[in-house]
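Structure record follows, encoded as structure tokens.
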Amino acid sequence: MRNNENRPQIQRRPSIQEWESVERPREKFLMKGAGALSNAELLAILIGSGYAGENAVELSRRILRASGNSLSALRKLDFENFRKFKGIGPGKALSIMAAFELARRMESEPAERQAQIYSSEHAAKAIAPFLRDLGHEECWVLYLNRNNHLIGKERISSGGVSATVIDSRMILKGAMNRLASGIILVHNHPSGNAFPGNEDRIQTQRLKKSAEICEVELIDHIIVAGTGYFSFLDEGLL
């Protein structure tokens with residue numbers, strides 16, 4: 001018979017259910033409020049459970065470490081990136097992505113509910129949450145009435161990592177359908193450099209001339225890059 005007395009014993013990690021109630025993320029949330037929880041604990045509530053050998057909090061810590069402990073980096077991950085983490089199935093991946101999408105919409109909501117778009121900063125806030133974390137370029141248009149009330153916004157195109165198509169006809173068709181008197185063009189630079197390239201300048205002037213023919217004003221062209229932006233209007237380029 002083999003002697004197992006000298007074999008190292010594998011220490012079993014306690015599950016979250018075995019923790020003191022005040023330390024369990026959900027109970028801690030209810031007793032002390034969301035502010036008392038770490039990012040890992042909040043993420044653990046979203047994913048619900050871990051897997052054999054790693055509880056939800058440990059799994060969340062591992063995911064955060066892989067993202068440099070940055071929530072901004074974490075929310076840039078797509079479905080396939082989340083699925084690469086052992087213990088994250090389709091349901092858990094979608095739960096995390098849905099939470100970040102709600103955060104983006106909440107962030108843009110206050111600006112959109114204001115009576116008017118009265119500055120480039122205000123316009124940027126209305127759309128930046130949808131653009132700044134993308135790994136590719138997208139072009140959006142904000143449609144305004146004569147009093148600069150925001151009456152609609154629309155994604156016009158989605159391109160590669162360094163370019164997107166600005167379709168003047170599609171933009172102006174959207175303006176005419178909404179009876180908009182002004183438009184603000186917005187697109188992103190995934191590189192993080194908000195400064196416009198030569199093609200950005202050319203397409204902006206082309207759209208401005210086409211809009212004038214339709215009696216629609218191109219109020220501004222905003223380039224979103226990371227947490228910053230560039231305004232053609234503010235820089236005297238319109």
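In the structure tokens, chains take letters A, B, ... by order of appearance, with residues numbered from 1 within each chain and ligands from 1 in the order shown.
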
What residues in segment 71-145 of chain A get the DSSP label alpha helix (DSSP H)? Please answer as a VMD selection string.
chain A and resid 71 to 74 79 to 83 90 to 113 120 to 131

Taking only C-alpha atoms into account, which of A:Val57, A:Met170, A:Leu46, A:Ile223 comes nearest Leu207 of chain A?
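The closest residue to Leu207 of chain A is A:Met170.
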
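For the atom pair formed by atom CA of Phe82 of chain A and atom CA of Ile63 of chain A, the distance is 8.6 Å, given to one decimal.
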
Within 7 Å of segment 202-206 of chain A using only C-alpha atoms, minus same-chain residues under 4 positions, as a ChimeraX atom specification
/A:166,198,210

For the selection just defined, write its residues with N, CA, C and O atoms to a file, as a PDB file, in the first residue's frame.
```
ATOM      1  N   ILE A 166     -17.348  59.339 -46.110  1.00  0.00           N
ATOM      2  CA  ILE A 166     -18.346  60.363 -45.824  1.00  0.00           C
ATOM      3  C   ILE A 166     -19.206  60.516 -47.074  1.00  0.00           C
ATOM      4  O   ILE A 166     -18.772  61.091 -48.079  1.00  0.00           O
ATOM      5  N   ASN A 198      -5.423  65.338 -44.371  1.00  0.00           N
ATOM      6  CA  ASN A 198      -5.773  66.058 -45.589  1.00  0.00           C
ATOM      7  C   ASN A 198      -7.107  65.601 -46.148  1.00  0.00           C
ATOM      8  O   ASN A 198      -7.921  66.406 -46.601  1.00  0.00           O
ATOM      9  N   SER A 210     -21.940  70.883 -50.789  1.00  0.00           N
ATOM     10  CA  SER A 210     -23.152  70.140 -51.148  1.00  0.00           C
ATOM     11  C   SER A 210     -24.312  70.535 -50.249  1.00  0.00           C
ATOM     12  O   SER A 210     -25.458  70.661 -50.703  1.00  0.00           O
TER      13      SER A 210
END
```

Do you have the atom CA of Gln116 of chain A-atom CA of Leu150 of chain A distance handy?
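According to the coordinates, atom CA of Gln116 of chain A and atom CA of Leu150 of chain A are separated by 6.4 Å.
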
Find the residue from A:Gly152, A:Gly174, A:Gly135, A:Gly53 that sits nearest to Ser191 of chain A; use only C-alpha atoms when measuring.
A:Gly135

Set the distance at 12 Å and use only C-alpha atoms: which residues neighbour Phe130 of chain A once local chain neighbours fewer than 3 positions away are removed? I'd like the list as a PyMOL selection string.
chain A and resi 75-76+100-109+124-127+133-140+153-155+186-188+224-227

Atoms to include: N, CA and C atoms. Write the selected residues as a compact mmCIF listing (two decimals), in the first residue's frame.
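Contents of selection-v4.txt, freshly written:
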```
# COMPACT_ATOMS: atom_id res chain seq x y z
N ARG A 75 -13.48 47.82 -21.35
CA ARG A 75 -14.70 48.01 -22.14
C ARG A 75 -14.44 48.04 -23.64
N LYS A 76 -13.18 48.05 -24.02
CA LYS A 76 -12.85 47.98 -25.45
C LYS A 76 -12.83 46.55 -25.97
N PHE A 100 -21.44 47.69 -20.07
CA PHE A 100 -20.66 48.80 -20.61
C PHE A 100 -21.47 49.61 -21.63
N GLU A 101 -22.30 48.93 -22.41
CA GLU A 101 -23.12 49.64 -23.39
C GLU A 101 -24.13 50.55 -22.69
N LEU A 102 -24.72 50.06 -21.58
CA LEU A 102 -25.63 50.91 -20.81
C LEU A 102 -24.90 52.13 -20.26
N ALA A 103 -23.65 51.93 -19.83
CA ALA A 103 -22.85 53.04 -19.31
C ALA A 103 -22.60 54.08 -20.40
N ARG A 104 -22.31 53.61 -21.63
CA ARG A 104 -22.10 54.54 -22.74
C ARG A 104 -23.36 55.36 -23.01
N ARG A 105 -24.51 54.68 -23.02
CA ARG A 105 -25.76 55.37 -23.32
C ARG A 105 -26.11 56.36 -22.22
N MET A 106 -25.86 55.98 -20.97
CA MET A 106 -26.12 56.88 -19.86
C MET A 106 -25.23 58.11 -19.96
N GLU A 107 -23.98 57.92 -20.36
CA GLU A 107 -23.04 59.02 -20.45
C GLU A 107 -23.45 60.04 -21.49
N SER A 108 -24.06 59.57 -22.57
CA SER A 108 -24.46 60.48 -23.65
C SER A 108 -25.84 61.08 -23.41
N GLU A 109 -26.63 60.48 -22.52
CA GLU A 109 -28.01 60.89 -22.33
C GLU A 109 -28.19 62.32 -21.84
N ALA A 124 -19.89 67.02 -28.87
CA ALA A 124 -18.99 65.89 -28.68
C ALA A 124 -19.51 64.96 -27.60
N LYS A 125 -20.02 65.53 -26.50
CA LYS A 125 -20.54 64.72 -25.41
C LYS A 125 -21.75 63.89 -25.83
N ALA A 126 -22.49 64.38 -26.81
CA ALA A 126 -23.69 63.67 -27.25
C ALA A 126 -23.37 62.39 -28.01
N ILE A 127 -22.16 62.30 -28.56
CA ILE A 127 -21.85 61.15 -29.41
C ILE A 127 -20.55 60.44 -29.05
N ASP A 133 -14.06 54.33 -27.99
CA ASP A 133 -13.43 53.04 -27.69
C ASP A 133 -13.35 52.11 -28.89
N LEU A 134 -13.79 52.58 -30.06
CA LEU A 134 -13.81 51.72 -31.23
C LEU A 134 -12.41 51.53 -31.82
N GLY A 135 -12.17 50.35 -32.39
CA GLY A 135 -10.90 50.07 -33.05
C GLY A 135 -10.95 50.37 -34.53
N HIS A 136 -12.05 50.92 -35.01
CA HIS A 136 -12.21 51.28 -36.42
C HIS A 136 -12.90 52.64 -36.50
N GLU A 137 -12.86 53.27 -37.66
CA GLU A 137 -13.51 54.56 -37.82
C GLU A 137 -14.99 54.41 -38.13
N GLU A 138 -15.78 55.30 -37.54
CA GLU A 138 -17.20 55.42 -37.87
C GLU A 138 -17.53 56.88 -38.08
N CYS A 139 -18.52 57.12 -38.94
CA CYS A 139 -18.97 58.48 -39.21
C CYS A 139 -20.44 58.61 -38.78
N TRP A 140 -20.72 59.61 -37.95
CA TRP A 140 -22.08 59.88 -37.46
C TRP A 140 -22.46 61.31 -37.84
N LYS A 153 -29.84 61.57 -34.56
CA LYS A 153 -28.45 61.25 -34.85
C LYS A 153 -28.42 59.92 -35.57
N GLU A 154 -27.42 59.74 -36.42
CA GLU A 154 -27.40 58.55 -37.27
C GLU A 154 -25.96 58.17 -37.63
N ARG A 155 -25.68 56.87 -37.58
CA ARG A 155 -24.39 56.39 -38.07
C ARG A 155 -24.47 56.26 -39.58
N VAL A 186 -19.56 63.98 -37.27
CA VAL A 186 -18.67 63.48 -36.22
C VAL A 186 -18.06 62.15 -36.66
N HIS A 187 -16.75 62.04 -36.56
CA HIS A 187 -16.15 60.73 -36.76
C HIS A 187 -14.98 60.56 -35.79
N ASN A 188 -14.47 59.37 -35.67
CA ASN A 188 -13.43 59.09 -34.69
C ASN A 188 -12.10 58.72 -35.35
N VAL A 224 -13.40 62.75 -32.87
CA VAL A 224 -13.25 62.22 -31.52
C VAL A 224 -12.03 61.30 -31.49
N ALA A 225 -11.18 61.48 -30.50
CA ALA A 225 -10.01 60.62 -30.34
C ALA A 225 -9.73 60.44 -28.86
N GLY A 226 -9.97 59.25 -28.34
CA GLY A 226 -9.81 59.01 -26.92
C GLY A 226 -10.75 59.89 -26.13
N THR A 227 -10.23 60.60 -25.14
CA THR A 227 -11.07 61.49 -24.34
C THR A 227 -11.10 62.92 -24.88
```

Excluding same-chain residues fewer than 2 positions from Ile171 of chain A, what lies within 12 Å of it counting only C-alpha atoms, as number ranges by chain?
A: 139-143, 153-157, 165-169, 173-178, 180, 182-186, 207-208, 210-211, 214, 216-218

Can you pull out the residues contacting Ala73 of chain A? Cut-off 10 Å, using only C-alpha atoms, and skip same-chain residues under 5 positions away; I want them as a JSON list (two decimals) with C-alpha atoms, in the first residue's frame.
```
[["chain", "number", "residue", "atom", "x", "y", "z"],
["A", 64, "LEU", "CA", -8.85, 43.07, -14.75],
["A", 66, "ALA", "CA", -5.10, 41.26, -18.12],
["A", 67, "SER", "CA", -6.61, 44.67, -18.93],
["A", 68, "GLY", "CA", -4.00, 46.53, -16.92],
["A", 133, "ASP", "CA", -13.43, 53.04, -27.69]]
```

Step one, run DSSP on the backbone; step two, keep only residues of segment 134-173 of chain A assigned to strand (DSSP E); then write them as a list in words.
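Here is the list: Glu138, Cys139, Trp140, Val141, Leu142, Tyr143, Leu144, Leu150, Ile151, Gly152, Lys153, Glu154, Arg155, Ile156, Ser157 and Ser158 of chain A.
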
Would you please work out which residue, of A:Leu30, A:Leu144, A:Leu238, A:Ile47, is nearest to Gly89 of chain A when using only C-alpha atoms?
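Ranking A:Leu30, A:Leu144, A:Leu238, A:Ile47 by distance to Gly89 of chain A, first place goes to A:Ile47.
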
Check the smallest atom-to-atom distance from each of A:Glu212, A:Asn69, A:Leu59, A:Met97 to Phe85 of chain A using only C-alpha atoms, then report the winner.
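For Phe85 of chain A, the nearest of the given residues is A:Leu59.
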
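The spacing separating atom CA of Arg146 of chain A from atom CA of Ser120 of chain A amounts to 16.7 Å.
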
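The closest residue to Leu131 of chain A, picked from A:Ala56, A:Ala93, A:Ile222, A:Leu74 and counting only C-alpha atoms, is A:Ile222.
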
In terms of the shortest atom-to-atom distance over only C-alpha atoms, which of A:Leu94, A:Ala128, A:Leu37, A:Ile117 is closest to Asn145 of chain A?
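Distance minimum relative to Asn145 of chain A lands on A:Ile117.
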
Excluding same-chain residues fewer than 4 positions from Leu42 of chain A, what lies within 12 Å of it counting only C-alpha atoms, as a compact mmCIF listing (two decimals) with all heavy atoms, in the first residue's frame?
```txt
# COMPACT_ATOMS: atom_id res chain seq x y z
N ARG A 24 -19.26 38.84 1.00
CA ARG A 24 -19.77 38.40 -0.30
C ARG A 24 -20.19 39.62 -1.10
O ARG A 24 -20.87 40.51 -0.56
CB ARG A 24 -20.96 37.47 -0.10
CG ARG A 24 -20.66 36.19 0.66
CD ARG A 24 -21.94 35.44 0.95
NE ARG A 24 -21.74 34.43 1.98
CZ ARG A 24 -22.74 33.88 2.68
NH1 ARG A 24 -23.99 34.26 2.45
NH2 ARG A 24 -22.48 32.97 3.60
N PRO A 25 -19.82 39.69 -2.38
CA PRO A 25 -20.10 40.91 -3.16
C PRO A 25 -21.55 41.36 -3.12
O PRO A 25 -21.82 42.55 -2.91
CB PRO A 25 -19.66 40.51 -4.57
CG PRO A 25 -18.57 39.52 -4.35
CD PRO A 25 -19.01 38.73 -3.14
N ARG A 26 -22.49 40.46 -3.32
CA ARG A 26 -23.90 40.88 -3.37
C ARG A 26 -24.38 41.38 -2.02
O ARG A 26 -25.03 42.43 -1.92
CB ARG A 26 -24.77 39.71 -3.84
CG ARG A 26 -24.54 39.34 -5.30
CD ARG A 26 -25.41 38.19 -5.71
NE ARG A 26 -25.16 37.80 -7.10
CZ ARG A 26 -25.77 36.79 -7.70
NH1 ARG A 26 -26.66 36.05 -7.06
NH2 ARG A 26 -25.48 36.51 -8.97
N GLU A 27 -24.05 40.64 -0.94
CA GLU A 27 -24.46 41.05 0.39
C GLU A 27 -23.77 42.35 0.80
O GLU A 27 -24.36 43.23 1.43
CB GLU A 27 -24.17 39.94 1.41
CG GLU A 27 -25.11 38.75 1.33
CD GLU A 27 -24.75 37.77 0.21
OE1 GLU A 27 -23.86 38.09 -0.61
OE2 GLU A 27 -25.36 36.69 0.16
N LYS A 28 -22.50 42.47 0.42
CA LYS A 28 -21.73 43.67 0.73
C LYS A 28 -22.34 44.88 0.03
O LYS A 28 -22.41 45.98 0.60
CB LYS A 28 -20.28 43.47 0.30
CG LYS A 28 -19.32 44.57 0.71
CD LYS A 28 -17.89 44.18 0.31
CE LYS A 28 -16.90 45.25 0.68
NZ LYS A 28 -15.52 44.87 0.28
N PHE A 29 -22.77 44.68 -1.21
CA PHE A 29 -23.42 45.73 -1.99
C PHE A 29 -24.67 46.22 -1.25
O PHE A 29 -24.89 47.43 -1.09
CB PHE A 29 -23.80 45.18 -3.37
CG PHE A 29 -24.28 46.22 -4.35
CD1 PHE A 29 -23.51 46.57 -5.45
CD2 PHE A 29 -25.52 46.83 -4.20
CE1 PHE A 29 -23.95 47.51 -6.37
CE2 PHE A 29 -25.98 47.77 -5.10
CZ PHE A 29 -25.19 48.11 -6.19
N GLY A 33 -23.43 49.43 0.22
CA GLY A 33 -23.55 50.25 -0.98
C GLY A 33 -22.49 49.93 -2.01
O GLY A 33 -21.45 49.36 -1.69
N ALA A 34 -22.75 50.32 -3.27
CA ALA A 34 -21.85 49.99 -4.37
C ALA A 34 -20.46 50.56 -4.19
O ALA A 34 -19.47 49.97 -4.60
CB ALA A 34 -22.45 50.48 -5.69
N GLY A 35 -20.37 51.73 -3.55
CA GLY A 35 -19.08 52.38 -3.39
C GLY A 35 -18.09 51.62 -2.53
O GLY A 35 -16.89 51.87 -2.58
N ALA A 36 -18.59 50.67 -1.73
CA ALA A 36 -17.73 49.88 -0.85
C ALA A 36 -17.08 48.71 -1.58
O ALA A 36 -16.18 48.07 -1.03
CB ALA A 36 -18.52 49.36 0.35
N LEU A 37 -17.52 48.43 -2.81
CA LEU A 37 -17.01 47.29 -3.55
C LEU A 37 -15.86 47.68 -4.46
O LEU A 37 -15.84 48.78 -5.02
CB LEU A 37 -18.12 46.64 -4.39
CG LEU A 37 -19.01 45.63 -3.66
CD1 LEU A 37 -19.90 46.31 -2.63
CD2 LEU A 37 -19.88 44.87 -4.67
N SER A 38 -14.92 46.77 -4.62
CA SER A 38 -13.83 46.97 -5.57
C SER A 38 -14.35 46.71 -6.99
O SER A 38 -15.45 46.17 -7.18
CB SER A 38 -12.68 46.01 -5.27
OG SER A 38 -13.09 44.66 -5.51
N LEU A 46 -21.61 40.87 -11.89
CA LEU A 46 -22.07 40.77 -13.27
C LEU A 46 -21.94 39.34 -13.81
O LEU A 46 -22.86 38.83 -14.45
CB LEU A 46 -21.27 41.71 -14.18
CG LEU A 46 -21.66 43.19 -14.19
CD1 LEU A 46 -20.69 43.96 -15.06
CD2 LEU A 46 -23.08 43.35 -14.69
N ILE A 47 -20.79 38.71 -13.57
CA ILE A 47 -20.58 37.39 -14.16
C ILE A 47 -21.22 36.28 -13.34
O ILE A 47 -21.40 35.17 -13.83
CB ILE A 47 -19.08 37.10 -14.38
CG1 ILE A 47 -18.33 37.03 -13.04
CG2 ILE A 47 -18.45 38.16 -15.27
CD1 ILE A 47 -16.85 36.71 -13.21
N GLY A 48 -21.54 36.57 -12.08
CA GLY A 48 -22.35 35.63 -11.29
C GLY A 48 -21.59 34.51 -10.63
O GLY A 48 -21.77 34.25 -9.45
N ALA A 56 -15.77 33.69 -8.56
CA ALA A 56 -16.09 34.82 -9.43
C ALA A 56 -15.19 36.02 -9.18
O ALA A 56 -14.81 36.73 -10.12
CB ALA A 56 -17.56 35.21 -9.25
N VAL A 57 -14.84 36.28 -7.92
CA VAL A 57 -13.98 37.42 -7.62
C VAL A 57 -12.57 37.19 -8.15
O VAL A 57 -11.96 38.09 -8.74
CB VAL A 57 -13.95 37.70 -6.10
CG1 VAL A 57 -12.94 38.78 -5.77
CG2 VAL A 57 -15.33 38.11 -5.61
N GLU A 58 -12.05 35.98 -7.97
CA GLU A 58 -10.72 35.66 -8.48
C GLU A 58 -10.68 35.74 -10.00
O GLU A 58 -9.71 36.25 -10.59
CB GLU A 58 -10.31 34.26 -8.01
CG GLU A 58 -10.07 34.18 -6.51
CD GLU A 58 -9.97 32.75 -6.00
OE1 GLU A 58 -10.52 31.84 -6.67
OE2 GLU A 58 -9.35 32.54 -4.96
N LEU A 59 -11.74 35.24 -10.64
CA LEU A 59 -11.84 35.32 -12.09
C LEU A 59 -11.87 36.78 -12.54
O LEU A 59 -11.20 37.18 -13.50
CB LEU A 59 -13.09 34.59 -12.56
CG LEU A 59 -13.47 34.70 -14.05
CD1 LEU A 59 -12.33 34.24 -14.95
CD2 LEU A 59 -14.74 33.90 -14.33
N SER A 60 -12.62 37.61 -11.83
CA SER A 60 -12.72 39.03 -12.16
C SER A 60 -11.38 39.73 -12.00
O SER A 60 -11.00 40.58 -12.82
CB SER A 60 -13.77 39.70 -11.26
OG SER A 60 -15.05 39.15 -11.48
N ARG A 61 -10.65 39.37 -10.93
CA ARG A 61 -9.32 39.97 -10.74
C ARG A 61 -8.39 39.61 -11.88
O ARG A 61 -7.59 40.43 -12.34
CB ARG A 61 -8.75 39.50 -9.41
CG ARG A 61 -9.40 40.13 -8.18
CD ARG A 61 -8.91 39.48 -6.91
NE ARG A 61 -9.56 40.06 -5.73
CZ ARG A 61 -9.65 39.45 -4.56
NH1 ARG A 61 -9.14 38.24 -4.40
NH2 ARG A 61 -10.26 40.05 -3.55
N LEU A 64 -9.29 41.69 -14.92
CA LEU A 64 -8.85 43.07 -14.75
C LEU A 64 -7.34 43.20 -14.89
O LEU A 64 -6.84 44.16 -15.49
CB LEU A 64 -9.32 43.60 -13.39
CG LEU A 64 -10.82 43.92 -13.29
CD1 LEU A 64 -11.22 44.11 -11.83
CD2 LEU A 64 -11.16 45.14 -14.11
N LEU A 71 -10.56 49.98 -16.46
CA LEU A 71 -11.91 49.76 -16.95
C LEU A 71 -12.06 50.27 -18.37
O LEU A 71 -12.84 49.72 -19.16
CB LEU A 71 -12.93 50.44 -16.03
CG LEU A 71 -13.04 49.87 -14.61
CD1 LEU A 71 -14.03 50.69 -13.78
CD2 LEU A 71 -13.48 48.40 -14.65
N ILE A 96 -21.25 41.40 -19.39
CA ILE A 96 -20.26 42.46 -19.21
C ILE A 96 -20.40 43.52 -20.30
O ILE A 96 -20.40 44.72 -20.03
CB ILE A 96 -18.84 41.87 -19.21
CG1 ILE A 96 -18.66 40.87 -18.08
CG2 ILE A 96 -17.80 42.99 -19.08
CD1 ILE A 96 -17.37 40.08 -18.17
N ALA A 99 -23.44 45.74 -19.84
CA ALA A 99 -23.25 46.74 -18.77
C ALA A 99 -22.47 47.94 -19.29
O ALA A 99 -22.82 49.10 -18.99
CB ALA A 99 -22.53 46.10 -17.60
```
